[in-house]
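Structure first, commentary second.
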Amino acid sequence: MIKLIASDLDGTLLLNGSQKLARETCGLIEKLMDRGIIFVPASGRQYANMQRMFAPVADRLGFICENGCLSFFQGKMLHKDVMDRETGQELLHAIWEKEGAEILLSGVNTSYLMPKEESYLHRMRDIVKNNVTVVDDIFAVEEEYFKISVYEKAGVDASRSYWENRFGSRVQAVVSGLEWLDFTPKGVHKGRALRVLQEYLGIAPEECMAFGDNYNDKELLESVGFPVAMENAKPEIYAMCQNHTERVERTLRELLAGI
């Protein structure tokens with residue numbers, strides 16, 4: 001019996017670059033929760049962003065945020081994984097010095113930006129709709145580091161090996177979209193955060209289902225008994241799952257119908 005469902009957002013619940021849920025999504029989630037099935041959005045996004053997105057049902061959900069650095073259940077923070085400041089400072093300087101790269105420094109309640117281009121600020125504040133704080137000196141931000149991201153408008157595929165070779169021995173580096181590479185403390189990922197929730201709620205991995213499409217969903221999918229990959233998932237992610245779907249909502253409807 002399924003007791004918990006976790007789902008990635010971008011490329012999974014949010015398709016074709018959408019920044020808002022389908023009209024039916026929160027209604028399906030509410031029906032699942034009324035049957036005792038816990039729903040957990042699991043994303044590289046910030047907590048405040050996800051709360052707004054799921055506003056009609058947010059107070060009943062668990063959340064895995066910032067690619068596993070933070071987890072919440074019904075408004076209570078369950079854990080936070082922190083990166084050492086020396087490594088974080090080196091990352092920030094490397095991103096700042098690279099042409100065409102922008103910094104996203106995650107805080108619990110805001111994203112710190114020192115934008116090189118106004119279009120990047122517009123994207124994060126007005127399109128992605130993050131809480132953002134623009135700072136004059138991002139290296140002086142005092143909040144603890146946990147996730148630091150590089151945004152490259154031209155795409156991160158060409159530079160991925162550079163970032164992994166330079167920092168891969170000290171931090172977790174995962175592709176989180178065409179333009180994004182996320183750095184988190186070593187060993188931190190969505191699967192680790194899901195295990196925190198599983199232990200807190202007393203739910204076994206085999207009682208869980210998860211949906212994903214990208215490399216940052218690998219450990220999440222490995223941490224459940226019923227992993228489901230999107231039809232458009234990266235080949236490695238598609239191959240690791242026996243079950244596939246074009247839309248998460250379709251599978252949720254089937255689950256509610258007893259299929």
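Scheme for the structure tokens: letters A, B, ... for chains in order shown; per-chain residue numbers from 1; ligand numbers from 1 in order shown.
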
Write out as a tab-separated table a residue-level contact list of stretch 14-115 of chain A versus stretch 234-256 of chain A with cut-off 9 Å: for each qualifying residue the closest pair of atoms and the distance in Å to one decimal, counting only C-alpha atoms, rows sorted by chain and residue number upward.
```
residue	atom	partner	partner_atom	distance
A:Leu15	CA	A:Arg247	CA	8.6
A:Ala22	CA	A:Glu249	CA	8.7
A:Glu24	CA	A:Glu249	CA	7.8
A:Thr25	CA	A:Glu249	CA	6.5
A:Leu28	CA	A:Leu252	CA	7.0
A:Ile29	CA	A:Leu252	CA	8.2
A:Lys31	CA	A:Leu256	CA	7.9
A:Leu32	CA	A:Leu256	CA	7.0
A:Arg35	CA	A:Leu256	CA	8.9
```

Practice prompt. Would you kindly return, as JSON, numbers by chain, each protein, DNA or RNA residue with an atom no farther than 12 Å from any atom of A:Leu21, considering only C-alpha atoms and excluding same-chain residues fewer than 6 positions away?
Written response: {"A": [9, 10, 11, 12, 13, 14, 15, 27, 28, 29, 41, 50, 52, 53, 54, 55, 56, 247, 248, 249]}

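Every protein or nucleic acid residue with an atom no more than 12 Å from A:Gln74, counting only C-alpha atoms and leaving out same-chain residues fewer than 3 positions away, appears here: Ile38, Phe39, Val40, Tyr47, Gln51, Val57, Ala58, Asp59, Arg60, Leu61, Gly62, Phe63, Ile64, Ser71, Met77, Leu78, Leu197 and Leu201 of chain A.
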
Dump of N, CA and C atoms for the selected residues, as a CSV table (one decimal), in the first residue's frame:
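Result file follows (part_14.csv):
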```csv
chain,number,residue,atom,x,y,z
A,38,ILE,N,0.5,10.7,2.0
A,38,ILE,CA,1.2,12.0,2.2
A,38,ILE,C,1.9,12.3,0.9
A,39,PHE,N,1.8,13.6,0.5
A,39,PHE,CA,2.4,14.1,-0.7
A,39,PHE,C,3.6,15.0,-0.4
A,40,VAL,N,4.7,14.8,-1.1
A,40,VAL,CA,5.9,15.5,-0.8
A,40,VAL,C,6.5,16.1,-2.1
A,47,TYR,N,11.9,26.8,-0.3
A,47,TYR,CA,10.7,26.5,0.4
A,47,TYR,C,9.6,27.5,0.2
A,51,GLN,N,5.9,26.6,-1.2
A,51,GLN,CA,4.7,26.9,-0.4
A,51,GLN,C,3.7,27.7,-1.2
A,57,VAL,N,-2.9,23.5,-0.4
A,57,VAL,CA,-2.7,22.3,0.4
A,57,VAL,C,-1.4,22.3,1.2
A,58,ALA,N,-0.7,23.5,1.1
A,58,ALA,CA,0.7,23.5,1.6
A,58,ALA,C,0.8,23.1,3.1
A,59,ASP,N,-0.1,23.5,3.9
A,59,ASP,CA,0.0,23.2,5.3
A,59,ASP,C,-0.2,21.7,5.7
A,60,ARG,N,-0.5,20.9,4.7
A,60,ARG,CA,-0.7,19.5,4.9
A,60,ARG,C,0.5,18.7,4.3
A,61,LEU,N,1.4,19.3,3.6
A,61,LEU,CA,2.4,18.6,2.9
A,61,LEU,C,3.7,18.5,3.6
A,62,GLY,N,4.5,17.5,3.1
A,62,GLY,CA,6.0,17.5,3.4
A,62,GLY,C,6.7,18.2,2.2
A,63,PHE,N,7.8,18.7,2.4
A,63,PHE,CA,8.6,19.4,1.4
A,63,PHE,C,10.1,19.0,1.5
A,64,ILE,N,10.6,18.6,0.3
A,64,ILE,CA,12.1,18.5,0.2
A,64,ILE,C,12.5,19.6,-0.7
A,71,SER,N,14.4,19.8,4.6
A,71,SER,CA,13.1,19.1,4.6
A,71,SER,C,12.2,19.6,5.6
A,77,MET,N,10.5,22.4,10.2
A,77,MET,CA,11.8,22.0,9.6
A,77,MET,C,12.3,20.7,10.3
A,78,LEU,N,12.6,19.7,9.5
A,78,LEU,CA,13.1,18.4,10.0
A,78,LEU,C,14.6,18.3,9.9
A,197,LEU,N,12.3,12.1,6.1
A,197,LEU,CA,10.9,12.1,6.2
A,197,LEU,C,10.3,10.7,6.5
A,201,LEU,N,8.2,9.9,9.8
A,201,LEU,CA,6.8,9.5,9.7
A,201,LEU,C,6.5,8.0,9.9
```

Discussion item. Between atom CA of A:Cys65 and atom CA of A:Asn109, what distance in Å does the model show, to one decimal?
Written reply: 11.2 Å

Discussion item. Which residue is closest to A:Phe72? Choose from A:Arg160, A:Glu142, A:Gln198, A:Tyr151 and count only C-alpha atoms.
Written reply: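 That would be A:Gln198, the residue with the smallest distance to A:Phe72.
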
Practice prompt. Could you check which of A:Leu4, A:Gly68, A:Asp34, A:Asp126 is closest to A:Gln19, using only C-alpha atoms?
Written response: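 Checking each of A:Leu4, A:Gly68, A:Asp34, A:Asp126 against A:Gln19, counting only C-alpha atoms, the winner is A:Asp126.
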
Worksheet item: In terms of the shortest atom-to-atom distance over only C-alpha atoms, which of A:Trp96, A:Ala193, A:Asn130, A:Glu199 is closest to A:Glu152?
Response: A:Trp96

Worksheet item: What lies within 12 Å of A:Gly155 using only C-alpha atoms, ignoring chain neighbours under 3 positions off, as a PyMOL selection string?
Response: chain A and resi 100-102+150-152+158-160+175-181

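Counting only C-alpha atoms and comparing A:Val156, A:Lys20, A:Phe183, A:His189, the residue that lies closest to A:Ser169 is A:Phe183.
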
From a DSSP calculation on the backbone, collect every residue of stretch 170-206 of chain A in helix (DSSP H, G or I) and output the set as a compact mmCIF listing (two decimals) with N, CA and C atoms, in the first residue's frame.
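Written output follows (result33.txt):
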```txt
# COMPACT_ATOMS: atom_id res chain seq x y z
N LYS A 190 18.21 14.48 -2.77
CA LYS A 190 16.79 14.31 -2.46
C LYS A 190 16.51 12.98 -1.76
N GLY A 191 17.25 11.94 -2.11
CA GLY A 191 17.03 10.64 -1.47
C GLY A 191 17.35 10.68 0.01
N ARG A 192 18.42 11.36 0.37
CA ARG A 192 18.77 11.49 1.79
C ARG A 192 17.68 12.23 2.56
N ALA A 193 17.16 13.31 1.95
CA ALA A 193 16.09 14.07 2.61
C ALA A 193 14.81 13.24 2.72
N LEU A 194 14.52 12.45 1.70
CA LEU A 194 13.33 11.59 1.77
C LEU A 194 13.46 10.59 2.91
N ARG A 195 14.66 10.08 3.14
CA ARG A 195 14.85 9.13 4.25
C ARG A 195 14.58 9.80 5.60
N VAL A 196 14.91 11.09 5.70
CA VAL A 196 14.58 11.83 6.93
C VAL A 196 13.07 11.82 7.14
N LEU A 197 12.32 12.10 6.09
CA LEU A 197 10.86 12.11 6.18
C LEU A 197 10.31 10.71 6.46
N GLN A 198 10.86 9.71 5.80
CA GLN A 198 10.40 8.34 6.02
C GLN A 198 10.58 7.93 7.48
N GLU A 199 11.73 8.25 8.05
CA GLU A 199 12.00 7.89 9.44
C GLU A 199 11.11 8.69 10.39
N TYR A 200 10.92 9.97 10.11
CA TYR A 200 10.08 10.82 10.95
C TYR A 200 8.64 10.32 10.97
N LEU A 201 8.15 9.87 9.82
CA LEU A 201 6.75 9.45 9.69
C LEU A 201 6.54 7.96 9.93
N PRO A 205 10.44 2.50 2.85
CA PRO A 205 10.67 2.84 1.44
C PRO A 205 9.73 2.11 0.48
N GLU A 206 9.43 0.84 0.78
CA GLU A 206 8.55 0.08 -0.12
C GLU A 206 7.11 0.56 -0.10
```

Worksheet item: Between atom CA of A:Phe167 and atom CA of A:Asn216, what is the distance, to one decimal in Å?
Response: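 Taking atom CA of A:Phe167 as the start and atom CA of A:Asn216 as the end point, the length is 16.7 Å.
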
Fill in: Best match for closeness to A:Val135 among A:Ile203, A:Met33, A:Ile103, A:Val108, counting only C-alpha atoms
A:Ile103

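For the pair atom CA of A:Ser111 and atom CA of A:Gly212, the separation is 24.0 Å.
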
Could you write out, as an mmCIF file with N, CA and C atoms, in the first residue's frame, all the residues of stretch 14-139 of chain A that DSSP marks as strand (DSSP E or B)?
```cif
data_model
loop_
_atom_site.group_PDB
_atom_site.id
_atom_site.type_symbol
_atom_site.label_atom_id
_atom_site.label_comp_id
_atom_site.auth_asym_id
_atom_site.auth_seq_id
_atom_site.Cartn_x
_atom_site.Cartn_y
_atom_site.Cartn_z
ATOM 1 N N LEU A 14 5.858 20.073 -13.388
ATOM 2 C CA LEU A 14 5.841 21.289 -14.209
ATOM 3 C C LEU A 14 6.470 20.961 -15.557
ATOM 4 N N ILE A 38 0.475 10.716 2.042
ATOM 5 C CA ILE A 38 1.214 11.973 2.196
ATOM 6 C C ILE A 38 1.872 12.349 0.870
ATOM 7 N N PHE A 39 1.775 13.618 0.508
ATOM 8 C CA PHE A 39 2.388 14.092 -0.728
ATOM 9 C C PHE A 39 3.560 15.007 -0.394
ATOM 10 N N VAL A 40 4.672 14.807 -1.117
ATOM 11 C CA VAL A 40 5.913 15.534 -0.834
ATOM 12 C C VAL A 40 6.510 16.076 -2.134
ATOM 13 N N PRO A 41 6.339 17.356 -2.447
ATOM 14 C CA PRO A 41 7.102 17.947 -3.540
ATOM 15 C C PRO A 41 8.597 17.906 -3.202
ATOM 16 N N ALA A 42 9.410 17.520 -4.192
ATOM 17 C CA ALA A 42 10.853 17.373 -3.963
ATOM 18 C C ALA A 42 11.590 18.080 -5.093
ATOM 19 N N GLY A 62 4.540 17.511 3.123
ATOM 20 C CA GLY A 62 5.972 17.511 3.395
ATOM 21 C C GLY A 62 6.653 18.200 2.229
ATOM 22 N N PHE A 63 7.839 18.741 2.440
ATOM 23 C CA PHE A 63 8.597 19.387 1.368
ATOM 24 C C PHE A 63 10.059 18.971 1.455
ATOM 25 N N ILE A 64 10.624 18.625 0.313
ATOM 26 C CA ILE A 64 12.071 18.458 0.168
ATOM 27 C C ILE A 64 12.538 19.603 -0.717
ATOM 28 N N CYS A 65 13.381 20.463 -0.165
ATOM 29 C CA CYS A 65 13.757 21.708 -0.839
ATOM 30 C C CYS A 65 15.256 21.746 -1.114
ATOM 31 N N LEU A 70 17.160 20.785 2.659
ATOM 32 C CA LEU A 70 16.152 21.097 3.667
ATOM 33 C C LEU A 70 14.960 20.176 3.513
ATOM 34 N N SER A 71 14.366 19.787 4.639
ATOM 35 C CA SER A 71 13.093 19.067 4.586
ATOM 36 C C SER A 71 12.158 19.626 5.640
ATOM 37 N N PHE A 72 10.879 19.632 5.304
ATOM 38 C CA PHE A 72 9.834 20.143 6.184
ATOM 39 C C PHE A 72 8.658 19.170 6.177
ATOM 40 N N PHE A 73 7.915 19.167 7.287
ATOM 41 C CA PHE A 73 6.630 18.466 7.299
ATOM 42 C C PHE A 73 5.620 19.322 8.045
ATOM 43 N N LYS A 76 7.056 22.288 9.855
ATOM 44 C CA LYS A 76 8.170 22.061 10.781
ATOM 45 C C LYS A 76 9.417 21.654 10.008
ATOM 46 N N MET A 77 10.544 22.364 10.231
ATOM 47 C CA MET A 77 11.796 21.956 9.599
ATOM 48 C C MET A 77 12.308 20.689 10.274
ATOM 49 N N LEU A 78 12.596 19.674 9.463
ATOM 50 C CA LEU A 78 13.101 18.409 9.991
ATOM 51 C C LEU A 78 14.618 18.324 9.935
ATOM 52 N N HIS A 79 15.225 18.967 8.934
ATOM 53 C CA HIS A 79 16.684 18.907 8.878
ATOM 54 C C HIS A 79 17.201 20.005 7.947
ATOM 55 N N LYS A 80 18.483 20.339 8.120
ATOM 56 C CA LYS A 80 19.203 21.241 7.219
ATOM 57 C C LYS A 80 20.650 20.770 7.143
ATOM 58 N N ALA A 101 28.135 33.273 -16.344
ATOM 59 C CA ALA A 101 27.610 32.499 -15.216
ATOM 60 C C ALA A 101 27.058 33.442 -14.147
ATOM 61 N N GLU A 102 25.937 33.051 -13.570
ATOM 62 C CA GLU A 102 25.305 33.815 -12.496
ATOM 63 C C GLU A 102 25.228 32.963 -11.231
ATOM 64 N N ILE A 103 25.250 33.631 -10.080
ATOM 65 C CA ILE A 103 25.214 32.965 -8.778
ATOM 66 C C ILE A 103 23.795 32.929 -8.237
ATOM 67 N N LEU A 104 23.418 31.791 -7.671
ATOM 68 C CA LEU A 104 22.231 31.700 -6.814
ATOM 69 C C LEU A 104 22.694 31.114 -5.487
ATOM 70 N N LEU A 105 22.697 31.938 -4.448
ATOM 71 C CA LEU A 105 23.067 31.503 -3.104
ATOM 72 C C LEU A 105 21.776 31.338 -2.305
ATOM 73 N N SER A 106 21.492 30.126 -1.904
ATOM 74 C CA SER A 106 20.218 29.834 -1.245
ATOM 75 C C SER A 106 20.292 30.096 0.251
ATOM 76 N N SER A 111 16.623 33.870 -1.699
ATOM 77 C CA SER A 111 17.759 33.590 -2.582
ATOM 78 C C SER A 111 18.576 34.865 -2.690
ATOM 79 N N TYR A 112 19.873 34.781 -2.438
ATOM 80 C CA TYR A 112 20.757 35.940 -2.544
ATOM 81 C C TYR A 112 21.332 36.010 -3.963
ATOM 82 N N LEU A 113 21.199 37.191 -4.564
ATOM 83 C CA LEU A 113 21.675 37.412 -5.926
ATOM 84 C C LEU A 113 22.590 38.628 -5.965
ATOM 85 N N VAL A 132 13.719 36.897 -3.360
ATOM 86 C CA VAL A 132 15.096 37.249 -3.711
ATOM 87 C C VAL A 132 15.572 38.439 -2.896
ATOM 88 N N THR A 133 16.861 38.415 -2.579
ATOM 89 C CA THR A 133 17.525 39.540 -1.931
ATOM 90 C C THR A 133 18.738 39.893 -2.767
ATOM 91 N N VAL A 134 18.718 41.076 -3.368
ATOM 92 C CA VAL A 134 19.862 41.536 -4.160
ATOM 93 C C VAL A 134 20.871 42.191 -3.225
#
```

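Those residues that approach A:Gln172 to within 10 Å, counting only C-alpha atoms, are A:Lys147, A:Glu164, A:Phe167, A:Asp182, A:Phe183, A:Thr184, A:Pro185, A:Lys186, A:Gly187, A:Val188, A:His189; same-chain residues fewer than 5 positions away are not listed.
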